[in-house]
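See below for entry.txt, which holds compact mmCIF, N, CA and C atoms.
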# COMPACT_ATOMS: atom_id res chain seq x y z
N MET R 1 -5.92 79.34 7.28
CA MET R 1 -4.87 79.58 8.25
C MET R 1 -5.44 80.22 9.52
N LYS R 2 -6.33 81.22 9.33
CA LYS R 2 -6.94 81.89 10.45
C LYS R 2 -7.74 80.89 11.30
N THR R 3 -8.46 79.99 10.62
CA THR R 3 -9.24 78.98 11.32
C THR R 3 -8.32 78.05 12.11
N THR R 4 -7.22 77.64 11.49
CA THR R 4 -6.28 76.73 12.16
C THR R 4 -5.70 77.40 13.41
N LEU R 5 -5.33 78.67 13.31
CA LEU R 5 -4.80 79.39 14.47
C LEU R 5 -5.84 79.52 15.57
N GLY R 6 -7.08 79.79 15.18
CA GLY R 6 -8.16 79.89 16.16
C GLY R 6 -8.38 78.59 16.89
N ILE R 7 -8.35 77.50 16.16
CA ILE R 7 -8.54 76.18 16.77
C ILE R 7 -7.36 75.85 17.67
N ALA R 8 -6.17 76.18 17.23
CA ALA R 8 -4.98 75.93 18.06
C ALA R 8 -5.06 76.72 19.36
N ALA R 9 -5.55 77.95 19.29
CA ALA R 9 -5.70 78.77 20.50
C ALA R 9 -6.74 78.16 21.44
N MET R 10 -7.86 77.68 20.89
CA MET R 10 -8.88 77.04 21.72
C MET R 10 -8.32 75.78 22.37
N LEU R 11 -7.54 75.03 21.61
CA LEU R 11 -6.94 73.81 22.13
C LEU R 11 -5.98 74.13 23.27
N LEU R 12 -5.18 75.16 23.10
CA LEU R 12 -4.25 75.57 24.14
C LEU R 12 -4.99 75.98 25.40
N LEU R 13 -6.07 76.73 25.24
CA LEU R 13 -6.87 77.13 26.40
C LEU R 13 -7.46 75.91 27.10
N ALA R 14 -7.94 74.95 26.32
CA ALA R 14 -8.52 73.75 26.91
C ALA R 14 -7.48 72.97 27.69
N LEU R 15 -6.28 72.86 27.16
CA LEU R 15 -5.22 72.10 27.83
C LEU R 15 -4.73 72.81 29.08
N THR R 16 -4.57 74.12 29.03
CA THR R 16 -4.03 74.84 30.18
C THR R 16 -5.06 75.01 31.28
N GLY R 17 -6.32 75.02 30.95
CA GLY R 17 -7.35 75.19 31.96
C GLY R 17 -7.80 73.90 32.62
N TYR R 18 -7.34 72.78 32.14
CA TYR R 18 -7.78 71.48 32.65
C TYR R 18 -7.21 71.23 34.04
N ASP R 19 -7.99 70.60 34.88
CA ASP R 19 -7.60 70.21 36.22
C ASP R 19 -7.40 71.39 37.17
N GLN R 20 -7.85 72.57 36.80
CA GLN R 20 -7.77 73.67 37.73
C GLN R 20 -8.96 73.59 38.68
N VAL R 21 -8.75 74.00 39.89
CA VAL R 21 -9.79 73.95 40.91
C VAL R 21 -10.87 74.97 40.57
N LYS R 22 -12.12 74.55 40.71
CA LYS R 22 -13.22 75.49 40.49
C LYS R 22 -13.22 76.50 41.63
N SER R 23 -13.17 77.76 41.30
CA SER R 23 -13.12 78.79 42.32
C SER R 23 -14.40 79.62 42.27
N ALA R 24 -14.52 80.53 43.23
CA ALA R 24 -15.73 81.35 43.33
C ALA R 24 -15.91 82.25 42.12
N ASP R 25 -14.83 82.60 41.42
CA ASP R 25 -14.96 83.48 40.27
C ASP R 25 -15.43 82.74 39.03
N ARG R 26 -15.41 81.42 39.07
CA ARG R 26 -15.94 80.65 37.95
C ARG R 26 -17.42 80.40 38.20
N LYS R 27 -18.17 80.33 37.14
CA LYS R 27 -19.61 80.16 37.29
C LYS R 27 -20.08 78.97 36.48
N MET R 28 -21.11 78.35 36.96
CA MET R 28 -21.68 77.22 36.25
C MET R 28 -22.42 77.75 35.02
N LEU R 29 -22.31 77.05 33.90
CA LEU R 29 -22.91 77.50 32.66
C LEU R 29 -24.42 77.71 32.79
N THR R 30 -25.08 76.88 33.59
CA THR R 30 -26.54 77.04 33.74
C THR R 30 -26.90 78.38 34.36
N VAL R 31 -26.00 78.95 35.16
CA VAL R 31 -26.25 80.26 35.77
C VAL R 31 -26.14 81.36 34.70
N THR R 32 -25.27 81.16 33.73
CA THR R 32 -25.05 82.19 32.72
C THR R 32 -26.05 82.10 31.56
N GLU R 33 -26.79 81.01 31.46
CA GLU R 33 -27.70 80.83 30.32
C GLU R 33 -28.72 81.95 30.15
N PRO R 34 -29.39 82.43 31.21
CA PRO R 34 -30.35 83.54 31.00
C PRO R 34 -29.68 84.80 30.46
N VAL R 35 -28.48 85.08 30.92
CA VAL R 35 -27.74 86.25 30.44
C VAL R 35 -27.38 86.07 28.97
N ILE R 36 -26.91 84.87 28.63
CA ILE R 36 -26.55 84.58 27.23
C ILE R 36 -27.78 84.73 26.33
N THR R 37 -28.91 84.22 26.79
CA THR R 37 -30.15 84.34 26.00
C THR R 37 -30.50 85.79 25.76
N GLN R 38 -30.38 86.63 26.78
CA GLN R 38 -30.67 88.06 26.61
C GLN R 38 -29.73 88.70 25.59
N PHE R 39 -28.45 88.37 25.69
CA PHE R 39 -27.49 88.93 24.74
C PHE R 39 -27.79 88.45 23.31
N LYS R 40 -28.17 87.18 23.15
CA LYS R 40 -28.46 86.65 21.81
C LYS R 40 -29.69 87.36 21.21
N VAL R 41 -30.71 87.62 22.02
CA VAL R 41 -31.90 88.33 21.54
C VAL R 41 -31.53 89.75 21.11
N LYS R 42 -30.74 90.43 21.95
CA LYS R 42 -30.31 91.79 21.62
C LYS R 42 -29.42 91.80 20.39
N GLU R 43 -28.57 90.77 20.27
CA GLU R 43 -27.70 90.66 19.10
C GLU R 43 -28.54 90.54 17.82
N GLN R 44 -29.56 89.68 17.86
CA GLN R 44 -30.40 89.49 16.67
C GLN R 44 -31.15 90.77 16.31
N LYS R 45 -31.63 91.48 17.32
CA LYS R 45 -32.33 92.75 17.07
C LYS R 45 -31.38 93.76 16.42
N ALA R 46 -30.13 93.76 16.88
CA ALA R 46 -29.15 94.68 16.30
C ALA R 46 -28.87 94.31 14.84
N TRP R 47 -28.73 93.00 14.55
CA TRP R 47 -28.53 92.57 13.16
C TRP R 47 -29.74 92.97 12.31
N ASP R 48 -30.94 92.74 12.84
CA ASP R 48 -32.16 93.08 12.11
C ASP R 48 -32.24 94.58 11.82
N ALA R 49 -31.71 95.39 12.73
CA ALA R 49 -31.71 96.85 12.55
C ALA R 49 -30.54 97.32 11.69
N GLY R 50 -29.68 96.39 11.30
CA GLY R 50 -28.53 96.76 10.46
C GLY R 50 -27.38 97.38 11.23
N ASN R 51 -27.38 97.20 12.56
CA ASN R 51 -26.33 97.78 13.38
C ASN R 51 -25.27 96.71 13.66
N LYS R 52 -24.33 96.59 12.73
CA LYS R 52 -23.31 95.54 12.80
C LYS R 52 -22.43 95.67 14.05
N SER R 53 -21.98 96.87 14.37
CA SER R 53 -21.06 97.04 15.50
C SER R 53 -21.73 96.65 16.83
N LEU R 54 -23.00 97.02 16.99
CA LEU R 54 -23.72 96.65 18.21
C LEU R 54 -23.96 95.14 18.26
N ALA R 55 -24.31 94.55 17.12
CA ALA R 55 -24.52 93.10 17.07
C ALA R 55 -23.24 92.35 17.44
N LEU R 56 -22.11 92.80 16.92
CA LEU R 56 -20.84 92.15 17.24
C LEU R 56 -20.47 92.34 18.71
N ALA R 57 -20.82 93.48 19.26
CA ALA R 57 -20.56 93.72 20.69
C ALA R 57 -21.38 92.75 21.54
N TYR R 58 -22.64 92.54 21.18
CA TYR R 58 -23.46 91.57 21.91
C TYR R 58 -22.92 90.16 21.73
N SER R 59 -22.42 89.86 20.55
CA SER R 59 -21.82 88.55 20.30
C SER R 59 -20.60 88.34 21.20
N ASP R 60 -19.77 89.37 21.34
CA ASP R 60 -18.62 89.30 22.25
C ASP R 60 -19.08 89.11 23.70
N SER R 61 -20.18 89.75 24.07
CA SER R 61 -20.71 89.61 25.42
C SER R 61 -21.10 88.16 25.70
N VAL R 62 -21.64 87.49 24.68
CA VAL R 62 -21.98 86.08 24.83
C VAL R 62 -20.71 85.28 25.10
N ARG R 63 -19.68 85.53 24.31
CA ARG R 63 -18.40 84.80 24.50
C ARG R 63 -17.85 85.03 25.90
N TYR R 64 -17.86 86.28 26.37
CA TYR R 64 -17.31 86.57 27.69
C TYR R 64 -18.16 85.97 28.80
N SER R 65 -19.44 85.77 28.56
CA SER R 65 -20.30 85.11 29.55
C SER R 65 -19.96 83.64 29.66
N ILE R 66 -19.48 83.05 28.58
CA ILE R 66 -19.16 81.63 28.56
C ILE R 66 -17.76 81.36 29.10
N ILE R 67 -16.82 82.26 28.85
CA ILE R 67 -15.44 82.05 29.29
C ILE R 67 -15.41 81.92 30.81
N GLY R 68 -14.77 80.87 31.28
CA GLY R 68 -14.66 80.62 32.71
C GLY R 68 -15.84 79.85 33.28
N ALA R 69 -16.87 79.65 32.48
CA ALA R 69 -18.01 78.87 32.95
C ALA R 69 -17.68 77.39 32.84
N TYR R 70 -18.28 76.60 33.66
CA TYR R 70 -18.07 75.17 33.57
C TYR R 70 -19.42 74.46 33.53
N ILE R 71 -19.39 73.29 33.00
CA ILE R 71 -20.59 72.46 32.89
C ILE R 71 -20.47 71.38 33.95
N ASP R 72 -21.47 71.26 34.79
CA ASP R 72 -21.41 70.29 35.86
C ASP R 72 -21.40 68.88 35.27
N ASN R 73 -22.54 68.32 35.01
CA ASN R 73 -22.60 67.01 34.37
C ASN R 73 -23.66 67.10 33.28
N HIS R 74 -23.33 66.58 32.14
CA HIS R 74 -24.25 66.67 31.00
C HIS R 74 -24.05 65.44 30.13
N THR R 75 -25.09 65.08 29.42
CA THR R 75 -25.00 63.97 28.48
C THR R 75 -25.26 64.50 27.08
N PHE R 76 -24.35 64.18 26.16
CA PHE R 76 -24.48 64.56 24.77
C PHE R 76 -24.86 63.33 23.97
N ARG R 77 -25.69 63.50 22.96
CA ARG R 77 -26.05 62.39 22.08
C ARG R 77 -25.35 62.57 20.75
N THR R 78 -24.67 61.52 20.30
CA THR R 78 -23.95 61.56 19.03
C THR R 78 -24.91 61.29 17.88
N LEU R 79 -24.41 61.50 16.66
CA LEU R 79 -25.25 61.25 15.49
C LEU R 79 -25.66 59.78 15.36
N ASP R 80 -24.85 58.90 15.92
CA ASP R 80 -25.21 57.48 15.87
C ASP R 80 -25.94 57.04 17.15
N ASN R 81 -26.55 58.00 17.84
CA ASN R 81 -27.39 57.79 19.02
C ASN R 81 -26.67 57.20 20.23
N ARG R 82 -25.38 57.41 20.34
CA ARG R 82 -24.66 57.01 21.55
C ARG R 82 -24.69 58.18 22.53
N ASP R 83 -24.83 57.87 23.80
CA ASP R 83 -24.77 58.90 24.83
C ASP R 83 -23.35 59.02 25.35
N VAL R 84 -22.87 60.25 25.46
CA VAL R 84 -21.55 60.53 26.01
C VAL R 84 -21.76 61.41 27.23
N LYS R 85 -21.37 60.92 28.40
CA LYS R 85 -21.54 61.67 29.64
C LYS R 85 -20.24 62.37 30.00
N LEU R 86 -20.36 63.64 30.40
CA LEU R 86 -19.18 64.39 30.79
C LEU R 86 -18.41 63.71 31.91
N GLU R 87 -19.13 63.12 32.84
CA GLU R 87 -18.45 62.48 33.97
C GLU R 87 -17.58 61.30 33.54
N SER R 88 -17.83 60.78 32.35
CA SER R 88 -17.05 59.63 31.88
C SER R 88 -15.78 60.06 31.13
N LEU R 89 -15.64 61.35 30.87
CA LEU R 89 -14.47 61.83 30.13
C LEU R 89 -13.25 61.92 31.05
N ASP R 90 -12.13 61.48 30.54
CA ASP R 90 -10.90 61.53 31.33
C ASP R 90 -9.89 62.53 30.76
N LYS R 91 -10.35 63.36 29.84
CA LYS R 91 -9.50 64.37 29.21
C LYS R 91 -10.23 65.70 29.21
N PRO R 92 -9.51 66.80 28.98
CA PRO R 92 -10.19 68.10 28.84
C PRO R 92 -11.19 68.04 27.68
N LEU R 93 -12.21 68.86 27.77
CA LEU R 93 -13.25 68.92 26.75
C LEU R 93 -13.14 70.24 26.00
N LEU R 94 -13.07 70.16 24.68
CA LEU R 94 -13.17 71.35 23.84
C LEU R 94 -14.55 71.31 23.22
N LEU R 95 -15.43 72.18 23.70
CA LEU R 95 -16.82 72.22 23.28
C LEU R 95 -17.01 73.37 22.31
N ILE R 96 -17.49 73.05 21.11
CA ILE R 96 -17.64 74.05 20.05
C ILE R 96 -19.10 74.08 19.62
N ASN R 97 -19.68 75.26 19.55
CA ASN R 97 -21.05 75.41 19.06
C ASN R 97 -21.01 75.71 17.57
N SER R 98 -21.94 75.11 16.84
CA SER R 98 -21.93 75.25 15.40
C SER R 98 -23.35 75.07 14.86
N ALA R 99 -23.49 75.25 13.55
CA ALA R 99 -24.77 75.02 12.87
C ALA R 99 -24.49 74.78 11.39
N THR R 100 -25.29 73.95 10.76
CA THR R 100 -25.06 73.64 9.35
C THR R 100 -25.36 74.84 8.45
N TRP R 101 -26.17 75.78 8.91
CA TRP R 101 -26.50 76.95 8.09
C TRP R 101 -25.43 78.03 8.18
N CYS R 102 -24.43 77.84 9.07
CA CYS R 102 -23.36 78.81 9.26
C CYS R 102 -22.18 78.42 8.38
N ALA R 103 -21.95 79.18 7.31
CA ALA R 103 -20.89 78.84 6.35
C ALA R 103 -19.52 78.80 7.01
N GLY R 104 -19.23 79.74 7.89
CA GLY R 104 -17.95 79.75 8.58
C GLY R 104 -17.77 78.52 9.47
N CYS R 105 -18.86 78.14 10.15
CA CYS R 105 -18.81 76.96 11.02
C CYS R 105 -18.54 75.70 10.21
N VAL R 106 -19.24 75.57 9.10
CA VAL R 106 -19.09 74.38 8.25
C VAL R 106 -17.68 74.31 7.67
N SER R 107 -17.12 75.46 7.33
CA SER R 107 -15.77 75.46 6.76
C SER R 107 -14.71 75.06 7.80
N GLU R 108 -15.02 75.17 9.08
CA GLU R 108 -14.10 74.78 10.13
C GLU R 108 -14.06 73.27 10.35
N VAL R 109 -15.09 72.56 9.95
CA VAL R 109 -15.20 71.13 10.26
C VAL R 109 -14.01 70.31 9.76
N PRO R 110 -13.57 70.46 8.51
CA PRO R 110 -12.41 69.65 8.08
C PRO R 110 -11.15 69.93 8.91
N VAL R 111 -10.94 71.19 9.29
CA VAL R 111 -9.78 71.53 10.11
C VAL R 111 -9.94 70.94 11.51
N LEU R 112 -11.15 71.05 12.06
CA LEU R 112 -11.41 70.45 13.37
C LEU R 112 -11.17 68.95 13.35
N ASN R 113 -11.57 68.29 12.27
CA ASN R 113 -11.34 66.85 12.15
C ASN R 113 -9.85 66.53 12.21
N LYS R 114 -9.04 67.31 11.51
CA LYS R 114 -7.59 67.09 11.52
C LYS R 114 -7.01 67.31 12.92
N VAL R 115 -7.42 68.40 13.56
CA VAL R 115 -6.92 68.70 14.90
C VAL R 115 -7.39 67.63 15.89
N ALA R 116 -8.64 67.20 15.76
CA ALA R 116 -9.17 66.18 16.66
C ALA R 116 -8.40 64.87 16.52
N LYS R 117 -8.04 64.50 15.30
CA LYS R 117 -7.26 63.28 15.10
C LYS R 117 -5.88 63.42 15.72
N GLU R 118 -5.27 64.58 15.55
CA GLU R 118 -3.92 64.79 16.06
C GLU R 118 -3.86 64.80 17.59
N PHE R 119 -4.90 65.35 18.22
CA PHE R 119 -4.88 65.51 19.68
C PHE R 119 -5.89 64.61 20.39
N ALA R 120 -6.36 63.57 19.73
CA ALA R 120 -7.39 62.68 20.31
C ALA R 120 -6.97 62.07 21.63
N ASP R 121 -5.68 61.87 21.82
CA ASP R 121 -5.21 61.27 23.07
C ASP R 121 -5.13 62.28 24.21
N LYS R 122 -5.28 63.58 23.90
CA LYS R 122 -5.14 64.62 24.92
C LYS R 122 -6.43 65.39 25.20
N VAL R 123 -7.32 65.50 24.21
CA VAL R 123 -8.52 66.33 24.33
C VAL R 123 -9.72 65.61 23.73
N THR R 124 -10.87 65.75 24.38
CA THR R 124 -12.12 65.26 23.81
C THR R 124 -12.77 66.44 23.08
N PHE R 125 -13.09 66.24 21.82
CA PHE R 125 -13.72 67.28 21.01
C PHE R 125 -15.20 66.99 20.87
N VAL R 126 -16.03 67.99 21.17
CA VAL R 126 -17.47 67.88 20.97
C VAL R 126 -17.91 69.12 20.20
N VAL R 127 -18.54 68.91 19.06
CA VAL R 127 -19.10 70.01 18.28
C VAL R 127 -20.61 69.89 18.37
N LEU R 128 -21.24 70.88 18.98
CA LEU R 128 -22.70 70.90 19.11
C LEU R 128 -23.28 71.64 17.92
N PHE R 129 -24.08 70.94 17.15
CA PHE R 129 -24.76 71.57 16.03
C PHE R 129 -26.17 71.91 16.44
N HIS R 130 -26.53 73.17 16.30
CA HIS R 130 -27.86 73.64 16.66
C HIS R 130 -28.72 73.70 15.40
N ASP R 131 -29.25 72.56 15.06
CA ASP R 131 -30.07 72.44 13.86
C ASP R 131 -31.35 71.68 14.20
N ASN R 132 -32.38 71.97 13.44
CA ASN R 132 -33.64 71.28 13.64
C ASN R 132 -33.78 70.05 12.76
N LYS R 133 -32.99 69.96 11.74
CA LYS R 133 -33.11 68.88 10.76
C LYS R 133 -31.90 67.94 10.84
N ASP R 134 -32.12 66.73 11.28
CA ASP R 134 -31.03 65.76 11.39
C ASP R 134 -30.41 65.44 10.05
N GLU R 135 -31.22 65.47 8.97
CA GLU R 135 -30.66 65.09 7.67
C GLU R 135 -29.53 66.03 7.23
N LYS R 136 -29.60 67.30 7.61
CA LYS R 136 -28.51 68.23 7.28
C LYS R 136 -27.23 67.84 8.02
N LEU R 137 -27.38 67.41 9.25
CA LEU R 137 -26.22 66.98 10.02
C LEU R 137 -25.59 65.73 9.42
N PHE R 138 -26.44 64.79 9.01
CA PHE R 138 -25.94 63.56 8.41
C PHE R 138 -25.24 63.84 7.08
N GLU R 139 -25.79 64.76 6.29
CA GLU R 139 -25.14 65.15 5.03
C GLU R 139 -23.77 65.76 5.29
N LEU R 140 -23.69 66.65 6.28
CA LEU R 140 -22.42 67.29 6.60
C LEU R 140 -21.42 66.25 7.14
N ALA R 141 -21.88 65.37 7.99
CA ALA R 141 -20.99 64.34 8.55
C ALA R 141 -20.44 63.45 7.44
N LYS R 142 -21.30 63.07 6.51
CA LYS R 142 -20.85 62.22 5.41
C LYS R 142 -19.83 62.96 4.53
N LYS R 143 -20.11 64.22 4.24
CA LYS R 143 -19.23 65.03 3.40
C LYS R 143 -17.86 65.24 4.05
N CYS R 144 -17.83 65.46 5.36
CA CYS R 144 -16.60 65.81 6.05
C CYS R 144 -15.84 64.61 6.59
N ASN R 145 -16.42 63.44 6.58
CA ASN R 145 -15.76 62.27 7.16
C ASN R 145 -15.47 61.18 6.14
N ASP R 146 -15.44 61.54 4.86
CA ASP R 146 -15.13 60.54 3.83
C ASP R 146 -13.67 60.17 3.83
Reformat the file's structure so that it appears as structure tokens.
Amino acid sequence: MKTTLGIAAMLLLALTGYDQVKSADRKMLTVTEPVITQFKVKEQKAWDAGNKSLALAYSDSVRYSIIGAYIDNHTFRTLDNRDVKLESLDKPLLLINSATWCAGCVSEVPVLNKVAKEFADKVTFVVLFHDNKDEKLFELAKKCND
């Protein structure tokens, strides 16, 4: 239920933020990447030191660095080797970062699939998996798309 509510909130944000004019207070994601990298390094050091509250604070900092950022033009490659260009999308994009080693992320996939089917005519869903092994992605795709 918590996952479903979180996804619904992300979907609502994607729908309400679509077609808004890019203003000076919004920043391009490429500008925020160095800051995000610094926060991720500090977050990992905090986890390694056993400091959960500091690690979570750095994790929140990463989220706040991403909120309001936009991606200019980018090409994503699907598991079946198709290229999807942002410029070709005619709907809002809900971009989700994930990994096969993240149990919480993997548990969200079936719910995301349901939401994506329901709102396919209104939103483009892209889940970026940060994994080094393609076979794990293919296993997860097969398991979640049967």
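Considering the residues R:Glu108, R:Thr32, R:Tyr70, R:Ser59 and counting only C-alpha atoms, R:Lys45 has its shortest atom-to-atom contact with R:Ser59.
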For atom N of R:Asn51 and atom CA of R:Gln38, determine how far apart the two atoms are, in Å to one decimal place. 17.1 Å
Within 6 Å of stretch 96-105 of chain R using only C-alpha atoms, minus same-chain residues under 4 positions, as a VMD selection string: chain R and resid 127 to 131
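Minimum distance to R:Gln44 across R:Phe125, R:Tyr64, R:Tyr58, R:Phe138 (counting only C-alpha atoms) occurs at R:Tyr58.
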Residue nearest R:Val62 among R:Arg82, R:Arg77, R:Lys40, R:Lys114 (counting all atoms listed in the file): R:Lys40
Computed interatomic separation between atom CA of R:Val115 and atom CA of R:Leu79 (Å): 19.8 Å
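Non-sequential neighbours of R:Arg63 (distance at most 12 Å, separation of 2 or more positions within a chain, only C-alpha atoms) are Leu29, Thr32, Glu33, Val35, Ile36, Thr37, Phe39, Lys40, Leu56, Ala57, Tyr58, Ser59, Asp60, Ser61, Ser65, Ile66, Ile67, Gly68, Ala69, Ile96 and Asn97 of chain R.
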Please report the interatomic distance between atom C of R:Leu95 and atom CA of R:Val126 in Å with one decimal. 5.7 Å
Show me, as a PDB file with N, CA and C atoms, in the coordinates of the input, the residues that have an atom within 7 Å of R:Leu86 when counting only N, CA and C atoms, minus same-chain residues fewer than 6 positions from it.
ATOM      1  N   ASP R  72     -21.470  71.260  34.790  1.00  0.00           N
ATOM      2  CA  ASP R  72     -21.410  70.290  35.860  1.00  0.00           C
ATOM      3  C   ASP R  72     -21.400  68.880  35.270  1.00  0.00           C
ATOM      4  N   ASN R  73     -22.540  68.320  35.010  1.00  0.00           N
ATOM      5  CA  ASN R  73     -22.600  67.010  34.370  1.00  0.00           C
ATOM      6  C   ASN R  73     -23.660  67.100  33.280  1.00  0.00           C
ATOM      7  N   HIS R  74     -23.330  66.580  32.140  1.00  0.00           N
ATOM      8  CA  HIS R  74     -24.250  66.670  31.000  1.00  0.00           C
ATOM      9  C   HIS R  74     -24.050  65.440  30.130  1.00  0.00           C
ATOM     10  N   THR R  75     -25.090  65.080  29.420  1.00  0.00           N
ATOM     11  CA  THR R  75     -25.000  63.970  28.480  1.00  0.00           C
ATOM     12  C   THR R  75     -25.260  64.500  27.080  1.00  0.00           C
ATOM     13  N   PHE R  76     -24.350  64.180  26.160  1.00  0.00           N
ATOM     14  CA  PHE R  76     -24.480  64.560  24.770  1.00  0.00           C
ATOM     15  C   PHE R  76     -24.860  63.330  23.970  1.00  0.00           C
TER      16      PHE R  76
END
Listed atoms of stretch 85-93 of chain R, axis-aligned box, 5 Å per side: centre and edge lengths to one decimal in Å, as AutoDock Vina command-line options?
--center_x -15.5 --center_y 64.9 --center_z 30.0 --size_x 22.0 --size_y 20.6 --size_z 18.0
